[in-house]
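The data block below is run_11.pdb; it holds PDB, C-alpha atoms.
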```pdb
ATOM      1  CA  MET A   1     -60.302 -87.164 -46.266  1.00  0.00           C
ATOM      2  CA  SER A   2     -56.948 -87.435 -45.047  1.00  0.00           C
ATOM      3  CA  HIS A   3     -56.440 -84.204 -46.471  1.00  0.00           C
ATOM      4  CA  LEU A   4     -59.268 -82.750 -44.428  1.00  0.00           C
ATOM      5  CA  VAL A   5     -57.991 -84.319 -41.270  1.00  0.00           C
ATOM      6  CA  GLN A   6     -54.687 -82.842 -41.894  1.00  0.00           C
ATOM      7  CA  LEU A   7     -56.293 -79.462 -42.450  1.00  0.00           C
ATOM      8  CA  ALA A   8     -58.288 -79.804 -39.265  1.00  0.00           C
ATOM      9  CA  GLN A   9     -55.159 -80.637 -37.332  1.00  0.00           C
ATOM     10  CA  GLU A  10     -53.412 -77.674 -38.788  1.00  0.00           C
ATOM     11  CA  GLU A  11     -56.323 -75.453 -37.789  1.00  0.00           C
ATOM     12  CA  ILE A  12     -56.162 -76.673 -34.227  1.00  0.00           C
ATOM     13  CA  GLN A  13     -52.483 -75.931 -33.925  1.00  0.00           C
ATOM     14  CA  ASN A  14     -52.145 -72.147 -33.855  1.00  0.00           C
ATOM     15  CA  PRO A  15     -48.676 -70.938 -34.755  1.00  0.00           C
ATOM     16  CA  LEU A  16     -48.863 -68.147 -32.146  1.00  0.00           C
ATOM     17  CA  LEU A  17     -49.598 -70.553 -29.322  1.00  0.00           C
ATOM     18  CA  PRO A  18     -46.754 -72.901 -28.494  1.00  0.00           C
ATOM     19  CA  PRO A  19     -47.491 -76.448 -27.492  1.00  0.00           C
ATOM     20  CA  ILE A  20     -48.216 -76.874 -23.763  1.00  0.00           C
ATOM     21  CA  PRO A  21     -45.256 -79.174 -22.996  1.00  0.00           C
ATOM     22  CA  GLU A  22     -42.831 -76.642 -24.556  1.00  0.00           C
ATOM     23  CA  LEU A  23     -44.511 -73.858 -22.605  1.00  0.00           C
ATOM     24  CA  VAL A  24     -44.103 -75.744 -19.313  1.00  0.00           C
ATOM     25  CA  ILE A  25     -40.461 -76.612 -20.047  1.00  0.00           C
ATOM     26  CA  GLY A  26     -39.766 -72.983 -20.991  1.00  0.00           C
ATOM     27  CA  LEU A  27     -41.359 -71.690 -17.762  1.00  0.00           C
ATOM     28  CA  ILE A  28     -39.366 -74.176 -15.647  1.00  0.00           C
ATOM     29  CA  ALA A  29     -36.135 -73.228 -17.437  1.00  0.00           C
ATOM     30  CA  PHE A  30     -36.939 -69.533 -16.948  1.00  0.00           C
ATOM     31  CA  ALA A  31     -37.631 -70.131 -13.238  1.00  0.00           C
ATOM     32  CA  ILE A  32     -34.299 -71.965 -12.843  1.00  0.00           C
ATOM     33  CA  VAL A  33     -32.355 -69.251 -14.640  1.00  0.00           C
ATOM     34  CA  PHE A  34     -34.194 -66.565 -12.632  1.00  0.00           C
ATOM     35  CA  ALA A  35     -33.470 -68.346  -9.342  1.00  0.00           C
ATOM     36  CA  VAL A  36     -29.796 -68.793 -10.197  1.00  0.00           C
ATOM     37  CA  LEU A  37     -29.501 -65.155 -11.221  1.00  0.00           C
ATOM     38  CA  ALA A  38     -31.389 -63.993  -8.107  1.00  0.00           C
ATOM     39  CA  LYS A  39     -29.157 -66.082  -5.802  1.00  0.00           C
ATOM     40  CA  LYS A  40     -25.779 -65.471  -7.434  1.00  0.00           C
ATOM     41  CA  LEU A  41     -25.867 -62.340  -9.567  1.00  0.00           C
ATOM     42  CA  LEU A  42     -28.398 -60.110  -7.800  1.00  0.00           C
ATOM     43  CA  PRO A  43     -26.427 -59.866  -4.478  1.00  0.00           C
ATOM     44  CA  ASN A  44     -23.266 -58.968  -6.402  1.00  0.00           C
ATOM     45  CA  ILE A  45     -25.134 -56.320  -8.396  1.00  0.00           C
ATOM     46  CA  ASN A  46     -26.728 -54.908  -5.199  1.00  0.00           C
ATOM     47  CA  LYS A  47     -23.315 -54.918  -3.482  1.00  0.00           C
ATOM     48  CA  VAL A  48     -21.685 -53.004  -6.365  1.00  0.00           C
ATOM     49  CA  LEU A  49     -24.590 -50.529  -6.495  1.00  0.00           C
ATOM     50  CA  GLU A  50     -24.407 -49.987  -2.719  1.00  0.00           C
ATOM     51  CA  GLU A  51     -20.631 -49.410  -2.882  1.00  0.00           C
ATOM     52  CA  ARG A  52     -21.132 -47.012  -5.738  1.00  0.00           C
ATOM     53  CA  ARG A  53     -23.872 -45.129  -3.847  1.00  0.00           C
ATOM     54  CA  GLU A  54     -21.649 -44.896  -0.751  1.00  0.00           C
ATOM     55  CA  ALA A  55     -18.709 -43.698  -2.865  1.00  0.00           C
ATOM     56  CA  ILE A  56     -20.880 -41.038  -4.485  1.00  0.00           C
ATOM     57  CA  GLU A  57     -22.344 -39.931  -1.139  1.00  0.00           C
ATOM     58  CA  GLY A  58     -18.862 -39.965   0.452  1.00  0.00           C
ATOM     59  CA  GLY A  59     -17.504 -37.990  -2.479  1.00  0.00           C
ATOM     60  CA  MET A  60     -20.306 -35.478  -2.114  1.00  0.00           C
ATOM     61  CA  GLU A  61     -19.667 -35.217   1.639  1.00  0.00           C
ATOM     62  CA  LYS A  62     -15.946 -34.763   0.989  1.00  0.00           C
ATOM     63  CA  ALA A  63     -16.734 -32.172  -1.671  1.00  0.00           C
ATOM     64  CA  ASP A  64     -19.044 -30.341   0.742  1.00  0.00           C
ATOM     65  CA  ALA A  65     -16.374 -30.467   3.464  1.00  0.00           C
ATOM     66  CA  ALA A  66     -13.719 -29.260   1.008  1.00  0.00           C
ATOM     67  CA  LYS A  67     -16.028 -26.482  -0.147  1.00  0.00           C
ATOM     68  CA  ALA A  68     -16.705 -25.409   3.446  1.00  0.00           C
ATOM     69  CA  GLU A  69     -12.990 -25.485   4.203  1.00  0.00           C
ATOM     70  CA  ALA A  70     -12.228 -23.520   1.029  1.00  0.00           C
ATOM     71  CA  GLU A  71     -14.824 -20.921   1.995  1.00  0.00           C
ATOM     72  CA  SER A  72     -13.315 -20.718   5.476  1.00  0.00           C
ATOM     73  CA  VAL A  73      -9.812 -20.266   4.042  1.00  0.00           C
ATOM     74  CA  LEU A  74     -11.162 -17.682   1.584  1.00  0.00           C
ATOM     75  CA  GLU A  75     -12.741 -15.725   4.430  1.00  0.00           C
ATOM     76  CA  GLN A  76      -9.463 -15.884   6.355  1.00  0.00           C
ATOM     77  CA  TYR A  77      -7.550 -14.628   3.314  1.00  0.00           C
ATOM     78  CA  LYS A  78     -10.070 -11.849   2.789  1.00  0.00           C
ATOM     79  CA  ALA A  79      -9.726 -10.851   6.444  1.00  0.00           C
ATOM     80  CA  GLN A  80      -5.932 -10.924   6.191  1.00  0.00           C
ATOM     81  CA  LEU A  81      -6.061  -8.929   2.959  1.00  0.00           C
ATOM     82  CA  ALA A  82      -8.338  -6.344   4.544  1.00  0.00           C
ATOM     83  CA  GLU A  83      -6.020  -6.155   7.553  1.00  0.00           C
ATOM     84  CA  ALA A  84      -2.989  -5.798   5.269  1.00  0.00           C
ATOM     85  CA  ARG A  85      -4.714  -3.025   3.320  1.00  0.00           C
ATOM     86  CA  HIS A  86      -5.600  -1.279   6.571  1.00  0.00           C
ATOM     87  CA  GLU A  87      -2.016  -1.620   7.781  1.00  0.00           C
ATOM     88  CA  ALA A  88      -0.697  -0.303   4.448  1.00  0.00           C
ATOM     89  CA  ALA A  89      -3.058   2.678   4.649  1.00  0.00           C
ATOM     90  CA  ARG A  90      -1.915   3.346   8.221  1.00  0.00           C
ATOM     91  CA  LEU A  91       1.752   3.127   7.184  1.00  0.00           C
ATOM     92  CA  ARG A  92       1.126   5.482   4.245  1.00  0.00           C
ATOM     93  CA  GLN A  93      -0.592   7.926   6.611  1.00  0.00           C
ATOM     94  CA  GLU A  94       2.297   7.725   9.096  1.00  0.00           C
ATOM     95  CA  ALA A  95       4.834   8.212   6.295  1.00  0.00           C
ATOM     96  CA  GLN A  96       2.892  11.193   5.002  1.00  0.00           C
ATOM     97  CA  GLU A  97       2.737  12.700   8.507  1.00  0.00           C
ATOM     98  CA  GLN A  98       6.456  12.064   9.022  1.00  0.00           C
ATOM     99  CA  GLY A  99       7.198  13.610   5.626  1.00  0.00           C
ATOM    100  CA  THR A 100       5.136  16.667   6.513  1.00  0.00           C
ATOM    101  CA  ALA A 101       6.902  16.920   9.887  1.00  0.00           C
ATOM    102  CA  ILE A 102      10.332  16.583   8.241  1.00  0.00           C
ATOM    103  CA  ILE A 103       9.461  19.244   5.675  1.00  0.00           C
ATOM    104  CA  ALA A 104       8.233  21.587   8.414  1.00  0.00           C
ATOM    105  CA  GLU A 105      11.379  20.866  10.441  1.00  0.00           C
ATOM    106  CA  MET A 106      13.623  21.525   7.437  1.00  0.00           C
ATOM    107  CA  ARG A 107      11.781  24.758   6.675  1.00  0.00           C
ATOM    108  CA  ALA A 108      12.189  25.869  10.289  1.00  0.00           C
ATOM    109  CA  GLU A 109      15.884  24.925  10.190  1.00  0.00           C
ATOM    110  CA  GLY A 110      16.314  26.795   6.891  1.00  0.00           C
ATOM    111  CA  GLN A 111      14.515  29.827   8.326  1.00  0.00           C
ATOM    112  CA  ARG A 112      16.738  29.703  11.429  1.00  0.00           C
ATOM    113  CA  GLN A 113      19.884  29.407   9.297  1.00  0.00           C
ATOM    114  CA  ARG A 114      18.712  32.270   7.093  1.00  0.00           C
ATOM    115  CA  GLU A 115      18.107  34.427  10.151  1.00  0.00           C
ATOM    116  CA  ASP A 116      21.536  33.461  11.534  1.00  0.00           C
ATOM    117  CA  ILE A 117      23.169  34.383   8.226  1.00  0.00           C
ATOM    118  CA  ILE A 118      21.261  37.684   8.058  1.00  0.00           C
ATOM    119  CA  ALA A 119      22.155  38.471  11.682  1.00  0.00           C
ATOM    120  CA  ALA A 120      25.810  37.616  11.010  1.00  0.00           C
ATOM    121  CA  GLY A 121      25.693  39.810   7.882  1.00  0.00           C
ATOM    122  CA  HIS A 122      24.188  42.703   9.829  1.00  0.00           C
ATOM    123  CA  ALA A 123      26.788  42.260  12.566  1.00  0.00           C
ATOM    124  CA  GLN A 124      29.557  42.195   9.953  1.00  0.00           C
ATOM    125  CA  ILE A 125      28.121  45.281   8.249  1.00  0.00           C
ATOM    126  CA  ALA A 126      27.897  47.070  11.609  1.00  0.00           C
ATOM    127  CA  ALA A 127      31.464  46.066  12.456  1.00  0.00           C
ATOM    128  CA  ASP A 128      32.663  47.146   9.015  1.00  0.00           C
ATOM    129  CA  ARG A 129      30.766  50.427   9.324  1.00  0.00           C
ATOM    130  CA  LYS A 130      32.244  51.046  12.796  1.00  0.00           C
ATOM    131  CA  SER A 131      35.708  50.153  11.526  1.00  0.00           C
ATOM    132  CA  ALA A 132      35.252  52.392   8.484  1.00  0.00           C
ATOM    133  CA  ALA A 133      33.912  55.208  10.679  1.00  0.00           C
ATOM    134  CA  THR A 134      36.880  54.880  13.017  1.00  0.00           C
ATOM    135  CA  ALA A 135      39.346  54.820  10.146  1.00  0.00           C
ATOM    136  CA  LEU A 136      37.564  57.733   8.477  1.00  0.00           C
ATOM    137  CA  ARG A 137      37.513  59.666  11.735  1.00  0.00           C
ATOM    138  CA  GLN A 138      41.239  59.167  12.143  1.00  0.00           C
ATOM    139  CA  ASP A 139      41.946  60.129   8.542  1.00  0.00           C
ATOM    140  CA  VAL A 140      39.630  63.134   8.661  1.00  0.00           C
ATOM    141  CA  GLY A 141      41.111  64.121  12.014  1.00  0.00           C
ATOM    142  CA  LYS A 142      44.637  63.932  10.675  1.00  0.00           C
ATOM    143  CA  LEU A 143      43.700  65.914   7.586  1.00  0.00           C
ATOM    144  CA  ALA A 144      41.795  68.451   9.673  1.00  0.00           C
ATOM    145  CA  THR A 145      44.727  68.809  12.066  1.00  0.00           C
ATOM    146  CA  ASP A 146      47.145  69.284   9.207  1.00  0.00           C
ATOM    147  CA  LEU A 147      44.845  71.793   7.540  1.00  0.00           C
ATOM    148  CA  ALA A 148      44.204  73.624  10.775  1.00  0.00           C
ATOM    149  CA  GLY A 149      47.934  73.715  11.467  1.00  0.00           C
ATOM    150  CA  LYS A 150      48.562  75.261   8.075  1.00  0.00           C
ATOM    151  CA  LEU A 151      45.742  77.780   8.514  1.00  0.00           C
ATOM    152  CA  VAL A 152      46.696  78.792  12.006  1.00  0.00           C
ATOM    153  CA  GLY A 153      50.356  78.686  11.251  1.00  0.00           C
ATOM    154  CA  GLU A 154      51.300  76.724  14.309  1.00  0.00           C
ATOM    155  CA  SER A 155      51.869  73.074  14.844  1.00  0.00           C
ATOM    156  CA  LEU A 156      49.141  71.088  16.476  1.00  0.00           C
ATOM    157  CA  GLU A 157      51.364  68.249  17.458  1.00  0.00           C
ATOM    158  CA  ASP A 158      50.001  67.930  20.958  1.00  0.00           C
ATOM    159  CA  HIS A 159      48.049  64.701  20.890  1.00  0.00           C
ATOM    160  CA  ALA A 160      45.450  65.597  23.539  1.00  0.00           C
ATOM    161  CA  ARG A 161      44.745  68.874  21.947  1.00  0.00           C
ATOM    162  CA  GLN A 162      44.637  67.302  18.562  1.00  0.00           C
ATOM    163  CA  SER A 163      42.056  64.732  19.773  1.00  0.00           C
ATOM    164  CA  ARG A 164      39.855  67.402  21.319  1.00  0.00           C
ATOM    165  CA  THR A 165      39.937  69.461  18.152  1.00  0.00           C
ATOM    166  CA  ILE A 166      39.139  66.469  15.973  1.00  0.00           C
ATOM    167  CA  ASP A 167      36.290  65.358  18.210  1.00  0.00           C
ATOM    168  CA  ARG A 168      34.811  68.821  18.292  1.00  0.00           C
ATOM    169  CA  PHE A 169      35.072  69.136  14.509  1.00  0.00           C
ATOM    170  CA  LEU A 170      33.462  65.743  13.897  1.00  0.00           C
ATOM    171  CA  ASP A 171      30.694  66.429  16.410  1.00  0.00           C
ATOM    172  CA  GLU A 172      29.862  69.621  14.571  1.00  0.00           C
ATOM    173  CA  LEU A 173      29.776  67.714  11.272  1.00  0.00           C
ATOM    174  CA  GLU A 174      27.429  65.095  12.737  1.00  0.00           C
ATOM    175  CA  GLU A 175      25.115  67.789  14.131  1.00  0.00           C
ATOM    176  CA  LYS A 176      24.941  69.440  10.722  1.00  0.00           C
ATOM    177  CA  ALA A 177      24.219  66.091   9.055  1.00  0.00           C
ATOM    178  CA  GLU A 178      21.401  65.333  11.548  1.00  0.00           C
ATOM    179  CA  ALA A 179      19.906  68.794  11.092  1.00  0.00           C
ATOM    180  CA  ALA A 180      19.906  68.332   7.310  1.00  0.00           C
ATOM    181  CA  ARG A 181      17.870  65.138   7.611  1.00  0.00           C
TER     182      ARG A 181
END
```

Take the structure I supplied and represent it as structure tokens, if you would.
Amino acid sequence: MSHLVQLAQEEIQNPLLPPIPELVIGLIAFAIVFAVLAKKLLPNINKVLEERREAIEGGMEKADAAKAEAESVLEQYKAQLAEARHEAARLRQEAQEQGTAIIAEMRAEGQRQREDIIAAGHAQIAADRKSAATALRQDVGKLATDLAGKLVGESLEDHARQSRTIDRFLDELEEKAEAAR
């Protein structure tokens, strides 16, 4: 029978259910540990989490502010770049216009110098022609006077007479030359 009693006692005690006094002591110990953790550890954990949240939010606000500032600076740089490009285009246009004006001025100066040189050449040719005509007239006159003196048999040394004869002879030659044209 003792064996049966022992079996009955073993049946009553379920291994999954702890004894009541152990259960009560365990709950009290759990409550004490929970209270200590709630009083001491939980505020520190909440404080660290709050600081971390504020740091993250502050970092995000700083990042947003930095991003806005960077966008502002970027817009300023783009505006300055556009202005610099516009200024460069204007300077290129001015340089091109000045180059065109200088070329036109140089062409005009070259044309004027060419005309001056041509005019000087024509004047020199006219002067040379007049000088040659005068020299030729004198030479032809002298030869004509000498020839006429030999043909006539008398000396034509009188200068006034000689000039009239030469002029008359040359005038006749010029009239014949104009009639032949």

**Report entry** Atomic separation - atom CA of Ile45 of chain A relative to atom CA of Glu57 of chain A, Å
**Finding:** 18.1 Å

Query raised in the report: In Å to one decimal, how far is atom CA of His86 of chain A from atom CA of Ala101 of chain A?
Result: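 Between these atoms lies a distance of 22.3 Å.
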
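Separating atom CA of Ala55 of chain A from atom CA of Glu69 of chain A is a distance of 20.4 Å.
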
Provide segment 71-82 of chain A rebuilt to all heavy atoms, formatted as a compact mmCIF listing (two decimals), in the coordinates of the input.
```
# COMPACT_ATOMS: atom_id res chain seq x y z
N GLU A 71 -14.15 -22.18 1.65
CA GLU A 71 -14.82 -20.92 2.00
C GLU A 71 -14.24 -20.33 3.26
O GLU A 71 -14.06 -19.12 3.37
CB GLU A 71 -16.33 -21.16 2.14
CG GLU A 71 -17.04 -21.39 0.82
CD GLU A 71 -18.51 -21.73 0.99
OE1 GLU A 71 -18.97 -21.84 2.15
OE2 GLU A 71 -19.19 -21.89 -0.03
N SER A 72 -13.93 -21.19 4.23
CA SER A 72 -13.32 -20.72 5.48
C SER A 72 -11.95 -20.09 5.19
O SER A 72 -11.63 -19.01 5.70
CB SER A 72 -13.18 -21.90 6.44
OG SER A 72 -12.30 -21.60 7.48
N VAL A 73 -11.15 -20.79 4.39
CA VAL A 73 -9.81 -20.27 4.04
C VAL A 73 -9.95 -18.96 3.26
O VAL A 73 -9.20 -18.01 3.49
CB VAL A 73 -9.02 -21.33 3.25
CG1 VAL A 73 -7.76 -20.74 2.65
CG2 VAL A 73 -8.68 -22.51 4.14
N LEU A 74 -10.93 -18.90 2.36
CA LEU A 74 -11.16 -17.68 1.58
C LEU A 74 -11.52 -16.52 2.51
O LEU A 74 -11.01 -15.41 2.35
CB LEU A 74 -12.27 -17.92 0.55
CG LEU A 74 -12.65 -16.72 -0.31
CD1 LEU A 74 -11.46 -16.29 -1.17
CD2 LEU A 74 -13.84 -17.04 -1.18
N GLU A 75 -12.37 -16.78 3.48
CA GLU A 75 -12.74 -15.72 4.43
C GLU A 75 -11.53 -15.27 5.23
O GLU A 75 -11.34 -14.08 5.48
CB GLU A 75 -13.86 -16.21 5.36
CG GLU A 75 -15.19 -16.38 4.69
CD GLU A 75 -15.71 -15.09 4.06
OE1 GLU A 75 -15.57 -14.01 4.68
OE2 GLU A 75 -16.24 -15.16 2.95
N GLN A 76 -10.68 -16.24 5.62
CA GLN A 76 -9.46 -15.88 6.36
C GLN A 76 -8.55 -15.02 5.49
O GLN A 76 -8.00 -14.02 5.95
CB GLN A 76 -8.71 -17.14 6.80
CG GLN A 76 -9.38 -17.91 7.91
CD GLN A 76 -8.64 -19.20 8.24
OE1 GLN A 76 -7.73 -19.61 7.52
NE2 GLN A 76 -9.05 -19.83 9.32
N TYR A 77 -8.39 -15.41 4.22
CA TYR A 77 -7.55 -14.63 3.31
C TYR A 77 -8.13 -13.23 3.09
O TYR A 77 -7.39 -12.25 3.05
CB TYR A 77 -7.36 -15.34 1.98
CG TYR A 77 -6.41 -16.50 2.03
CD1 TYR A 77 -6.67 -17.67 1.34
CD2 TYR A 77 -5.23 -16.45 2.78
CE1 TYR A 77 -5.79 -18.75 1.40
CE2 TYR A 77 -4.37 -17.51 2.84
CZ TYR A 77 -4.65 -18.66 2.14
OH TYR A 77 -3.78 -19.71 2.20
N LYS A 78 -9.44 -13.17 2.95
CA LYS A 78 -10.07 -11.85 2.79
C LYS A 78 -9.84 -10.99 4.02
O LYS A 78 -9.56 -9.80 3.91
CB LYS A 78 -11.57 -12.00 2.51
CG LYS A 78 -11.89 -12.45 1.11
CD LYS A 78 -13.39 -12.54 0.89
CE LYS A 78 -13.72 -12.99 -0.52
NZ LYS A 78 -15.17 -13.11 -0.72
N ALA A 79 -9.96 -11.60 5.21
CA ALA A 79 -9.73 -10.85 6.44
C ALA A 79 -8.28 -10.40 6.52
O ALA A 79 -7.99 -9.25 6.89
CB ALA A 79 -10.08 -11.72 7.66
N GLN A 80 -7.35 -11.29 6.17
CA GLN A 80 -5.93 -10.92 6.19
C GLN A 80 -5.64 -9.84 5.17
O GLN A 80 -4.86 -8.91 5.44
CB GLN A 80 -5.06 -12.15 5.91
CG GLN A 80 -5.01 -13.14 7.04
CD GLN A 80 -4.23 -14.40 6.68
OE1 GLN A 80 -3.88 -14.62 5.53
NE2 GLN A 80 -3.97 -15.24 7.67
N LEU A 81 -6.26 -9.94 3.99
CA LEU A 81 -6.06 -8.93 2.96
C LEU A 81 -6.60 -7.58 3.42
O LEU A 81 -5.95 -6.54 3.23
CB LEU A 81 -6.74 -9.37 1.67
CG LEU A 81 -6.58 -8.45 0.46
CD1 LEU A 81 -5.11 -8.31 0.09
CD2 LEU A 81 -7.37 -8.99 -0.72
N ALA A 82 -7.77 -7.60 4.04
CA ALA A 82 -8.34 -6.34 4.54
C ALA A 82 -7.44 -5.76 5.63
O ALA A 82 -7.20 -4.54 5.66
CB ALA A 82 -9.74 -6.59 5.09
```
